[in-house]
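Visitor: My file is data_2.cif. It has mmCIF, C-alpha atoms:
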data_target
loop_
_atom_site.label_atom_id
_atom_site.label_comp_id
_atom_site.auth_asym_id
_atom_site.auth_seq_id
_atom_site.Cartn_x
_atom_site.Cartn_y
_atom_site.Cartn_z
CA MET A 1314 -14.89 34.59 -16.31
CA ILE A 1315 -14.19 36.23 -19.67
CA SER A 1316 -12.57 39.67 -19.49
CA PRO A 1317 -15.08 42.27 -20.69
CA SER A 1318 -14.32 44.70 -23.45
CA VAL A 1319 -13.49 48.28 -22.49
CA PRO A 1320 -14.63 51.19 -24.69
CA PRO A 1321 -11.72 52.45 -26.83
CA GLU A 1322 -11.72 55.96 -25.36
CA ILE A 1323 -11.26 54.57 -21.86
CA GLN A 1324 -8.56 52.16 -23.01
CA SER A 1325 -6.79 55.06 -24.72
CA TRP A 1326 -6.93 57.10 -21.48
CA PHE A 1327 -5.08 54.30 -19.68
CA ASP A 1328 -2.60 53.88 -22.55
CA GLU A 1329 -1.74 57.57 -22.66
CA ARG A 1330 -0.65 57.38 -19.02
CA GLY A 1331 1.33 54.21 -19.49
CA TRP A 1332 -1.10 52.34 -17.26
CA ARG A 1333 -2.75 48.99 -17.72
CA ILE A 1334 -6.24 48.14 -16.61
CA ARG A 1335 -5.72 45.85 -13.66
CA ARG A 1336 -7.19 42.38 -13.45
CA HIS A 1337 -9.48 43.21 -10.51
CA GLN A 1338 -10.78 46.31 -12.32
CA LEU A 1339 -11.77 44.14 -15.27
CA ASP A 1340 -13.28 41.61 -12.87
CA MET A 1341 -15.45 44.31 -11.29
CA LEU A 1342 -16.56 45.43 -14.74
CA ALA A 1343 -17.49 41.84 -15.60
CA LYS A 1344 -19.47 41.48 -12.35
CA ALA A 1345 -21.40 44.65 -13.18
CA ARG A 1346 -22.27 43.41 -16.65
CA GLU A 1347 -23.44 40.12 -15.15
CA GLY A 1348 -25.58 42.02 -12.63
CA ARG A 1349 -23.66 40.52 -9.71
CA ASP A 1350 -23.09 42.22 -6.35
CA ALA A 1351 -19.40 42.24 -5.48
CA LEU A 1352 -16.96 43.03 -2.68
CA LEU A 1353 -13.51 44.15 -3.81
CA VAL A 1354 -10.69 43.66 -1.32
CA ALA A 1355 -7.47 45.29 -2.46
CA ASP A 1356 -4.41 47.05 -1.09
CA THR A 1357 -4.13 50.80 -0.90
CA GLY A 1358 -2.84 52.10 -4.22
CA ALA A 1359 -4.33 49.21 -6.22
CA GLY A 1360 -7.03 51.34 -7.88
CA LYS A 1361 -10.07 50.29 -5.81
CA THR A 1362 -12.03 53.49 -6.39
CA LEU A 1363 -11.50 53.39 -10.15
CA ALA A 1364 -12.54 49.72 -10.12
CA GLY A 1365 -15.79 50.67 -8.41
CA PHE A 1366 -16.57 53.44 -10.91
CA LEU A 1367 -15.28 51.71 -14.07
CA PRO A 1368 -18.72 50.23 -14.92
CA THR A 1369 -20.22 53.72 -14.70
CA LEU A 1370 -17.55 55.23 -16.96
CA CYS A 1371 -18.04 52.42 -19.46
CA ASP A 1372 -21.83 52.84 -19.46
CA PHE A 1373 -21.50 56.49 -20.45
CA ALA A 1374 -18.67 55.86 -22.92
CA ALA A 1375 -20.78 53.22 -24.66
CA SER A 1376 -23.45 55.86 -25.33
CA ALA A 1377 -20.97 58.45 -26.62
CA GLY A 1378 -22.49 60.73 -29.23
CA GLU A 1379 -25.94 60.42 -27.68
CA PRO A 1380 -27.33 62.73 -24.98
CA PRO A 1381 -27.02 60.99 -21.59
CA GLU A 1382 -30.24 59.91 -19.95
CA ASP A 1383 -31.45 62.14 -17.16
CA GLY A 1384 -31.55 60.68 -13.68
CA LEU A 1385 -29.34 59.24 -11.01
CA HIS A 1386 -27.13 56.45 -12.34
CA THR A 1387 -24.57 55.77 -9.59
CA LEU A 1388 -24.62 56.38 -5.85
CA TYR A 1389 -21.36 56.47 -3.90
CA VAL A 1390 -21.53 56.11 -0.10
CA SER A 1391 -18.57 57.03 2.08
CA PRO A 1392 -18.12 56.94 5.86
CA LEU A 1393 -16.64 60.46 5.70
CA LYS A 1394 -17.90 63.48 3.79
CA ALA A 1395 -14.28 64.62 3.32
CA LEU A 1396 -13.54 61.34 1.52
CA ALA A 1397 -16.52 61.92 -0.79
CA HIS A 1398 -15.10 65.31 -1.77
CA ASP A 1399 -11.67 63.76 -2.46
CA VAL A 1400 -13.25 61.03 -4.59
CA LYS A 1401 -15.16 63.66 -6.55
CA ARG A 1402 -11.91 65.41 -7.50
CA ASN A 1403 -10.28 62.12 -8.47
CA LEU A 1404 -13.31 60.98 -10.45
CA LEU A 1405 -13.60 64.24 -12.38
CA THR A 1406 -10.09 63.78 -13.79
CA PRO A 1407 -10.88 60.79 -16.07
CA ILE A 1408 -14.38 62.14 -16.79
CA GLU A 1409 -13.03 65.46 -18.06
CA GLU A 1410 -9.99 64.04 -19.85
CA ILE A 1411 -11.99 61.33 -21.62
CA GLY A 1412 -14.79 63.80 -22.33
CA LEU A 1413 -17.66 61.86 -20.80
CA PRO A 1414 -20.98 63.69 -20.23
CA ILE A 1415 -21.23 62.73 -16.55
CA GLN A 1416 -22.40 65.15 -13.87
CA VAL A 1417 -20.91 64.49 -10.42
CA GLU A 1418 -22.04 66.12 -7.17
CA THR A 1419 -21.70 65.59 -3.43
CA ARG A 1420 -24.42 65.74 -0.80
CA SER A 1421 -23.68 66.16 2.90
CA GLY A 1422 -24.50 68.44 5.80
CA ASP A 1423 -22.38 71.14 4.16
CA THR A 1424 -24.38 71.15 0.93
CA SER A 1425 -26.48 74.28 0.46
CA SER A 1426 -30.25 73.95 0.91
CA ASP A 1427 -30.85 75.18 -2.65
CA ARG A 1428 -28.64 72.46 -4.10
CA LYS A 1429 -30.20 69.79 -1.91
CA LYS A 1430 -33.65 70.81 -3.08
CA ARG A 1431 -32.59 70.78 -6.72
CA GLN A 1432 -30.92 67.36 -6.35
CA ARG A 1433 -34.23 65.82 -5.28
CA THR A 1434 -35.92 66.72 -8.57
CA LYS A 1435 -32.96 66.98 -10.95
CA PRO A 1436 -30.16 64.79 -9.62
CA PRO A 1437 -26.69 64.44 -11.13
CA HIS A 1438 -25.65 61.20 -12.82
CA VAL A 1439 -23.31 60.39 -9.92
CA LEU A 1440 -24.08 61.42 -6.34
CA LEU A 1441 -21.50 61.04 -3.56
CA THR A 1442 -22.89 61.03 -0.03
CA THR A 1443 -22.86 59.50 3.47
CA PRO A 1444 -25.23 56.97 5.12
CA GLU A 1445 -26.95 59.71 7.13
CA SER A 1446 -27.56 61.97 4.13
CA LEU A 1447 -28.79 59.00 2.11
CA SER A 1448 -31.31 58.08 4.81
CA LEU A 1449 -32.64 61.64 4.86
CA LEU A 1450 -32.86 61.66 1.06
CA LEU A 1451 -34.92 58.46 1.15
CA SER A 1452 -37.43 60.11 3.49
CA TYR A 1453 -38.61 62.63 0.89
CA PRO A 1454 -41.72 62.00 -1.24
CA GLU A 1455 -39.59 62.42 -4.39
CA SER A 1456 -37.38 59.44 -3.47
CA MET A 1457 -39.41 56.95 -5.53
CA GLU A 1458 -38.80 58.90 -8.73
CA LEU A 1459 -35.28 59.97 -7.74
CA PHE A 1460 -33.89 56.44 -7.28
CA ARG A 1461 -35.94 54.75 -9.99
CA THR A 1462 -33.06 55.02 -12.50
CA LEU A 1463 -30.31 53.89 -10.10
CA LYS A 1464 -27.93 51.29 -11.57
CA HIS A 1465 -24.96 51.08 -9.19
CA VAL A 1466 -24.24 51.69 -5.51
CA VAL A 1467 -20.57 51.92 -4.56
CA ILE A 1468 -19.82 51.64 -0.82
CA ASP A 1469 -16.29 52.74 0.02
CA GLU A 1470 -14.25 51.73 3.07
CA VAL A 1471 -16.98 49.28 4.01
CA HIS A 1472 -14.85 47.85 6.82
CA ALA A 1473 -14.98 51.22 8.62
CA PHE A 1474 -18.68 51.16 9.47
CA ALA A 1475 -20.57 48.11 8.17
CA THR A 1476 -20.41 46.25 11.50
CA GLY A 1477 -21.66 49.21 13.60
CA LYS A 1478 -24.82 51.27 13.92
CA ARG A 1479 -24.00 53.25 10.77
CA GLY A 1480 -23.77 49.95 8.91
CA ASP A 1481 -27.23 49.01 10.18
CA LEU A 1482 -28.55 52.38 8.98
CA LEU A 1483 -26.99 51.84 5.56
CA ALA A 1484 -28.31 48.28 5.33
CA LEU A 1485 -31.85 49.61 5.83
CA ALA A 1486 -31.23 52.26 3.16
CA LEU A 1487 -29.94 49.63 0.73
CA ALA A 1488 -33.05 47.51 1.29
CA ARG A 1489 -35.23 50.53 0.50
CA LEU A 1490 -33.17 51.34 -2.60
CA GLN A 1491 -33.51 47.75 -3.82
CA LYS A 1492 -37.29 48.12 -3.71
CA LEU A 1493 -37.14 51.34 -5.70
CA ALA A 1494 -34.56 50.02 -8.20
CA PRO A 1495 -34.80 46.20 -8.25
CA ASP A 1496 -31.95 45.76 -10.76
CA MET A 1497 -29.52 47.91 -8.76
CA GLN A 1498 -26.05 46.42 -8.31
CA ARG A 1499 -24.25 46.69 -4.97
CA VAL A 1500 -20.48 47.12 -4.83
CA ALA A 1501 -18.30 47.51 -1.73
CA LEU A 1502 -14.62 48.44 -1.56
CA SER A 1503 -12.22 47.66 1.27
CA ALA A 1504 -8.62 47.17 2.23
CA THR A 1505 -7.54 43.81 3.66
CA LEU A 1506 -10.27 42.07 5.69
CA ALA A 1507 -9.81 39.29 8.25
CA ASN A 1508 -13.23 37.81 7.45
CA PRO A 1509 -14.46 38.88 3.99
CA LEU A 1510 -17.44 36.48 4.09
CA SER A 1511 -19.25 38.45 6.82
CA PHE A 1512 -19.00 41.58 4.66
CA GLN A 1513 -20.11 39.66 1.56
CA GLU A 1514 -23.22 38.55 3.46
CA TRP A 1515 -23.85 42.07 4.75
CA LEU A 1516 -23.62 43.47 1.23
CA ALA A 1517 -25.95 41.03 -0.52
CA PRO A 1518 -29.74 41.50 -0.34
CA GLN A 1519 -31.45 38.80 1.73
CA PRO A 1520 -34.80 37.71 0.22
CA ALA A 1521 -37.70 37.39 2.66
CA ASP A 1522 -38.39 33.83 1.44
CA ALA A 1523 -34.77 32.63 1.72
CA GLU A 1524 -35.82 30.00 4.34
CA GLY A 1525 -32.71 30.43 6.44
CA GLU A 1526 -30.27 30.55 3.52
CA ILE A 1527 -27.75 33.40 3.70
CA TYR A 1528 -26.82 35.07 0.44
CA ALA A 1529 -23.35 36.54 -0.13
CA ALA A 1530 -21.96 38.93 -2.71
CA ASP A 1531 -19.12 37.75 -4.94
CA LEU A 1532 -15.57 38.33 -3.70
CA VAL A 1533 -12.94 39.93 -5.94
CA LEU A 1534 -9.36 40.00 -4.68
CA GLY A 1535 -7.18 42.79 -5.97
CA GLU A 1536 -3.67 42.74 -7.31
CA ASP A 1537 -0.88 44.12 -5.16
CA GLY A 1538 -0.89 47.87 -4.64
CA ALA A 1539 1.81 50.31 -5.67
CA PRO A 1540 5.15 49.67 -3.92
CA ALA A 1541 5.76 51.94 -0.97
CA GLU A 1542 8.36 54.65 -1.27
CA VAL A 1543 10.05 55.14 2.08
CA GLY A 1544 12.68 57.77 2.81
CA ILE A 1545 14.49 58.87 5.95
CA LEU A 1546 15.32 62.49 6.48
CA LEU A 1547 18.45 63.14 8.50
CA PRO A 1548 18.74 66.52 10.25
CA ILE A 1549 21.85 68.47 9.29
CA GLU A 1550 23.07 71.26 11.52
#
Would you kindly transcribe this structure into structure tokens?
Guide:
Amino acid sequence: MISPSVPPEIQSWFDERGWRIRRHQLDMLAKAREGRDALLVADTGAGKTLAGFLPTLCDFAASAGEPPEDGLHTLYVSPLKALAHDVKRNLLTPIEEIGLPIQVETRSGDTSSDRKKRQRTKPPHVLLTTPESLSLLLSYPESMELFRTLKHVVIDEVHAFATGKRGDLLALALARLQKLAPDMQRVALSATLANPLSFQEWLAPQPADAEGEIYAADLVLGEDGAPAEVGILLPIE
């Protein structure tokens, strides 16, 4: 797989921090440009979240100088609403420092009713939510128009809920989203998994005419995470 090119403003953002774009981040970008669904398995501190959102950042950087298209571009699904709020803060840092015209919002039970109503007719470019809030959002009449422009779905910490009832709920939501946005790409992020294949199969859409064949998303293995810094504090009287 050929490493994809990264827009210069994003490359400069990495360079200014003395960082390099990691191999698995480039692999995830390549999968997105190929229209492939992908599961990224990487250690904590290896830049999983940035890898999941890198295709989105590159899409908007590529259209720099032009007004961004209205509509929902990327959906991020987290098992915890607190995690979605943390990811929003972390995502806004490169967006603001690079100067990308990307609107990012969260949607959960804590979101005000006025904002929820506005999001159904004028959504942000990136929406961060939970499986339950996504299912409610899909129940509204506006959902067909809302999700029509969707390009990417990023599922974080997929190991935390994919095998339970919440995973079943999300799988149904993903099937509905695929009908509304047929070209939508699915991405899942996880720490080390004992059996990645079962999650690859859960992530990939299963055509009705597959005749028993099970489809699986591509697997991307991450580089090692940042080395741990361990210290011991000794009490001194």
Visitor: Run the PyMOL selection byres ((chain A and resi 1383-1389) around 9) on the file and write out the hits as a PDB file with C-alpha atoms, in the frame of the given file.
Guide:
ATOM      1  CA  PHE A1366     -16.570  53.440 -10.910  1.00  0.00           C
ATOM      2  CA  THR A1369     -20.220  53.720 -14.700  1.00  0.00           C
ATOM      3  CA  PRO A1380     -27.330  62.730 -24.980  1.00  0.00           C
ATOM      4  CA  PRO A1381     -27.020  60.990 -21.590  1.00  0.00           C
ATOM      5  CA  GLU A1382     -30.240  59.910 -19.950  1.00  0.00           C
ATOM      6  CA  VAL A1390     -21.530  56.110  -0.100  1.00  0.00           C
ATOM      7  CA  SER A1391     -18.570  57.030   2.080  1.00  0.00           C
ATOM      8  CA  ALA A1397     -16.520  61.920  -0.790  1.00  0.00           C
ATOM      9  CA  LYS A1435     -32.960  66.980 -10.950  1.00  0.00           C
ATOM     10  CA  PRO A1436     -30.160  64.790  -9.620  1.00  0.00           C
ATOM     11  CA  PRO A1437     -26.690  64.440 -11.130  1.00  0.00           C
ATOM     12  CA  HIS A1438     -25.650  61.200 -12.820  1.00  0.00           C
ATOM     13  CA  VAL A1439     -23.310  60.390  -9.920  1.00  0.00           C
ATOM     14  CA  LEU A1440     -24.080  61.420  -6.340  1.00  0.00           C
ATOM     15  CA  LEU A1441     -21.500  61.040  -3.560  1.00  0.00           C
ATOM     16  CA  THR A1442     -22.890  61.030  -0.030  1.00  0.00           C
ATOM     17  CA  THR A1443     -22.860  59.500   3.470  1.00  0.00           C
ATOM     18  CA  GLU A1458     -38.800  58.900  -8.730  1.00  0.00           C
ATOM     19  CA  LEU A1459     -35.280  59.970  -7.740  1.00  0.00           C
ATOM     20  CA  PHE A1460     -33.890  56.440  -7.280  1.00  0.00           C
ATOM     21  CA  ARG A1461     -35.940  54.750  -9.990  1.00  0.00           C
ATOM     22  CA  THR A1462     -33.060  55.020 -12.500  1.00  0.00           C
ATOM     23  CA  LEU A1463     -30.310  53.890 -10.100  1.00  0.00           C
ATOM     24  CA  LYS A1464     -27.930  51.290 -11.570  1.00  0.00           C
ATOM     25  CA  HIS A1465     -24.960  51.080  -9.190  1.00  0.00           C
ATOM     26  CA  VAL A1466     -24.240  51.690  -5.510  1.00  0.00           C
ATOM     27  CA  VAL A1467     -20.570  51.920  -4.560  1.00  0.00           C
ATOM     28  CA  ILE A1468     -19.820  51.640  -0.820  1.00  0.00           C
ATOM     29  CA  ASP A1469     -16.290  52.740   0.020  1.00  0.00           C
TER      30      ASP A1469
END
Visitor: When you look at stretch 1494-1506 of chain A with a cut-off of 9 Å (counting only C-alpha atoms), what residues show up, excluding the ones that are within fewer than 6 positions of it in the same chain? I need them as number ranges by chain.
Guide: A: 1341, 1345, 1348-1357, 1361-1362, 1364-1365, 1457, 1460-1473, 1487, 1512-1513, 1516-1518, 1530
Visitor: How would the residues just picked look written out with C-alpha atoms as a PDB file, in the frame of the given file?
Guide:
ATOM      1  CA  MET A1341     -15.450  44.310 -11.290  1.00  0.00           C
ATOM      2  CA  ALA A1345     -21.400  44.650 -13.180  1.00  0.00           C
ATOM      3  CA  GLY A1348     -25.580  42.020 -12.630  1.00  0.00           C
ATOM      4  CA  ARG A1349     -23.660  40.520  -9.710  1.00  0.00           C
ATOM      5  CA  ASP A1350     -23.090  42.220  -6.350  1.00  0.00           C
ATOM      6  CA  ALA A1351     -19.400  42.240  -5.480  1.00  0.00           C
ATOM      7  CA  LEU A1352     -16.960  43.030  -2.680  1.00  0.00           C
ATOM      8  CA  LEU A1353     -13.510  44.150  -3.810  1.00  0.00           C
ATOM      9  CA  VAL A1354     -10.690  43.660  -1.320  1.00  0.00           C
ATOM     10  CA  ALA A1355      -7.470  45.290  -2.460  1.00  0.00           C
ATOM     11  CA  ASP A1356      -4.410  47.050  -1.090  1.00  0.00           C
ATOM     12  CA  THR A1357      -4.130  50.800  -0.900  1.00  0.00           C
ATOM     13  CA  LYS A1361     -10.070  50.290  -5.810  1.00  0.00           C
ATOM     14  CA  THR A1362     -12.030  53.490  -6.390  1.00  0.00           C
ATOM     15  CA  ALA A1364     -12.540  49.720 -10.120  1.00  0.00           C
ATOM     16  CA  GLY A1365     -15.790  50.670  -8.410  1.00  0.00           C
ATOM     17  CA  MET A1457     -39.410  56.950  -5.530  1.00  0.00           C
ATOM     18  CA  PHE A1460     -33.890  56.440  -7.280  1.00  0.00           C
ATOM     19  CA  ARG A1461     -35.940  54.750  -9.990  1.00  0.00           C
ATOM     20  CA  THR A1462     -33.060  55.020 -12.500  1.00  0.00           C
ATOM     21  CA  LEU A1463     -30.310  53.890 -10.100  1.00  0.00           C
ATOM     22  CA  LYS A1464     -27.930  51.290 -11.570  1.00  0.00           C
ATOM     23  CA  HIS A1465     -24.960  51.080  -9.190  1.00  0.00           C
ATOM     24  CA  VAL A1466     -24.240  51.690  -5.510  1.00  0.00           C
ATOM     25  CA  VAL A1467     -20.570  51.920  -4.560  1.00  0.00           C
ATOM     26  CA  ILE A1468     -19.820  51.640  -0.820  1.00  0.00           C
ATOM     27  CA  ASP A1469     -16.290  52.740   0.020  1.00  0.00           C
ATOM     28  CA  GLU A1470     -14.250  51.730   3.070  1.00  0.00           C
ATOM     29  CA  VAL A1471     -16.980  49.280   4.010  1.00  0.00           C
ATOM     30  CA  HIS A1472     -14.850  47.850   6.820  1.00  0.00           C
ATOM     31  CA  ALA A1473     -14.980  51.220   8.620  1.00  0.00           C
ATOM     32  CA  LEU A1487     -29.940  49.630   0.730  1.00  0.00           C
ATOM     33  CA  PHE A1512     -19.000  41.580   4.660  1.00  0.00           C
ATOM     34  CA  GLN A1513     -20.110  39.660   1.560  1.00  0.00           C
ATOM     35  CA  LEU A1516     -23.620  43.470   1.230  1.00  0.00           C
ATOM     36  CA  ALA A1517     -25.950  41.030  -0.520  1.00  0.00           C
ATOM     37  CA  PRO A1518     -29.740  41.500  -0.340  1.00  0.00           C
ATOM     38  CA  ALA A1530     -21.960  38.930  -2.710  1.00  0.00           C
TER      39      ALA A1530
END
Visitor: Using only C-alpha atoms, list the residues that have an atom at most 10 Å from (-25.6, 53.3, 6.2), coordinates as in the file, as a list in words.
Guide: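 Residues with an atom close enough to that point: Val1390, Ser1391, Pro1392, Thr1443, Pro1444, Glu1445, Ser1446, Leu1447, Ser1448, Ile1468, Val1471, Phe1474, Ala1475, Gly1477, Lys1478, Arg1479, Gly1480, Asp1481, Leu1482, Leu1483, Ala1484, Leu1485, Ala1486 and Leu1487 of chain A.
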Visitor: Quick one: of A:Ile1527, A:Ile1334, A:Leu1363, A:Leu1393, who's nearest to A:Thr1406, counting all atoms listed in the file?
Guide: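 Nearest candidate to A:Thr1406 out of A:Ile1527, A:Ile1334, A:Leu1363, A:Leu1393: A:Leu1363.
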Visitor: Quick one: pull the distance between atom CA of A:Asn1508 and atom CA of A:Gln1338, Å, one decimal.
Guide: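 The value is 21.7 Å.
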Visitor: Counting all atoms listed in the file, which residue out of A:Val1417, A:Pro1454, A:Leu1367, A:Asn1403 sits closest to A:Thr1434?
Guide: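 Of the candidates, the smallest distance to A:Thr1434 is held by A:Pro1454.
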Visitor: Starting from 5 Å padding per side, set up an axis-aligned box that covers all listed atoms of stretch 1447-1462 of chain A and hand over centre and edge lengths in Å, one decimal, as lines of an AutoDock Vina configuration file.
Guide:
center_x = -35.3
center_y = 58.7
center_z = -3.8
size_x = 22.9
size_y = 17.9
size_z = 27.4
Visitor: Please work out which residues fall within 8 Å of (-19.3, 68.6, 5.0), coordinates as given in the file, with only C-alpha atoms counting, and return them as a ChimeraX atom specification.
Guide: /A:1394-1395,1421-1424
Visitor: Starting from the shown file, work through the PyMOL selection byres ((chain A and resi 1374) around 8) and note down what comes out as a PyMOL selection string.
Guide: chain A and resi 1320+1322-1323+1370-1373+1375-1377+1413
Visitor: At what distance in Å, to one decimal, does atom CA of A:His1337 lie from atom CA of A:Pro1407?
Guide: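 Computed distance, atom CA of A:Pro1407 to atom CA of A:His1337, equals 18.5 Å.
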Visitor: Interatomic distance between atom CA of A:Asp1340 and atom CA of A:Val1533?
Guide: 7.1 Å
Visitor: Contacts between stretch 1328-1332 of chain A and stretch 1359-1455 of chain A, please, where a residue of stretch 1359-1455 of chain A counts if it comes within 12 Å (with only C-alpha atoms); show its shortest atom pair and distance in Å to one decimal, rows by chain and ascending number, as a Markdown table.
Guide:
| residue | atom | partner | partner_atom | distance |
| --- | --- | --- | --- | --- |
| A:Ala1359 | CA | A:Trp1332 | CA | 11.9 |
| A:Gly1360 | CA | A:Trp1332 | CA | 11.1 |
| A:Pro1407 | CA | A:Arg1330 | CA | 11.2 |
| A:Glu1410 | CA | A:Glu1329 | CA | 10.9 |
| A:Ile1411 | CA | A:Glu1329 | CA | 11.0 |
Visitor: Tell me which of A:Thr1476, A:Gln1519, A:Ser1511, A:Ser1318 sits closest to A:Ala1488, counting only C-alpha atoms.
Guide: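 Closest residue, counting only C-alpha atoms: A:Gln1519.
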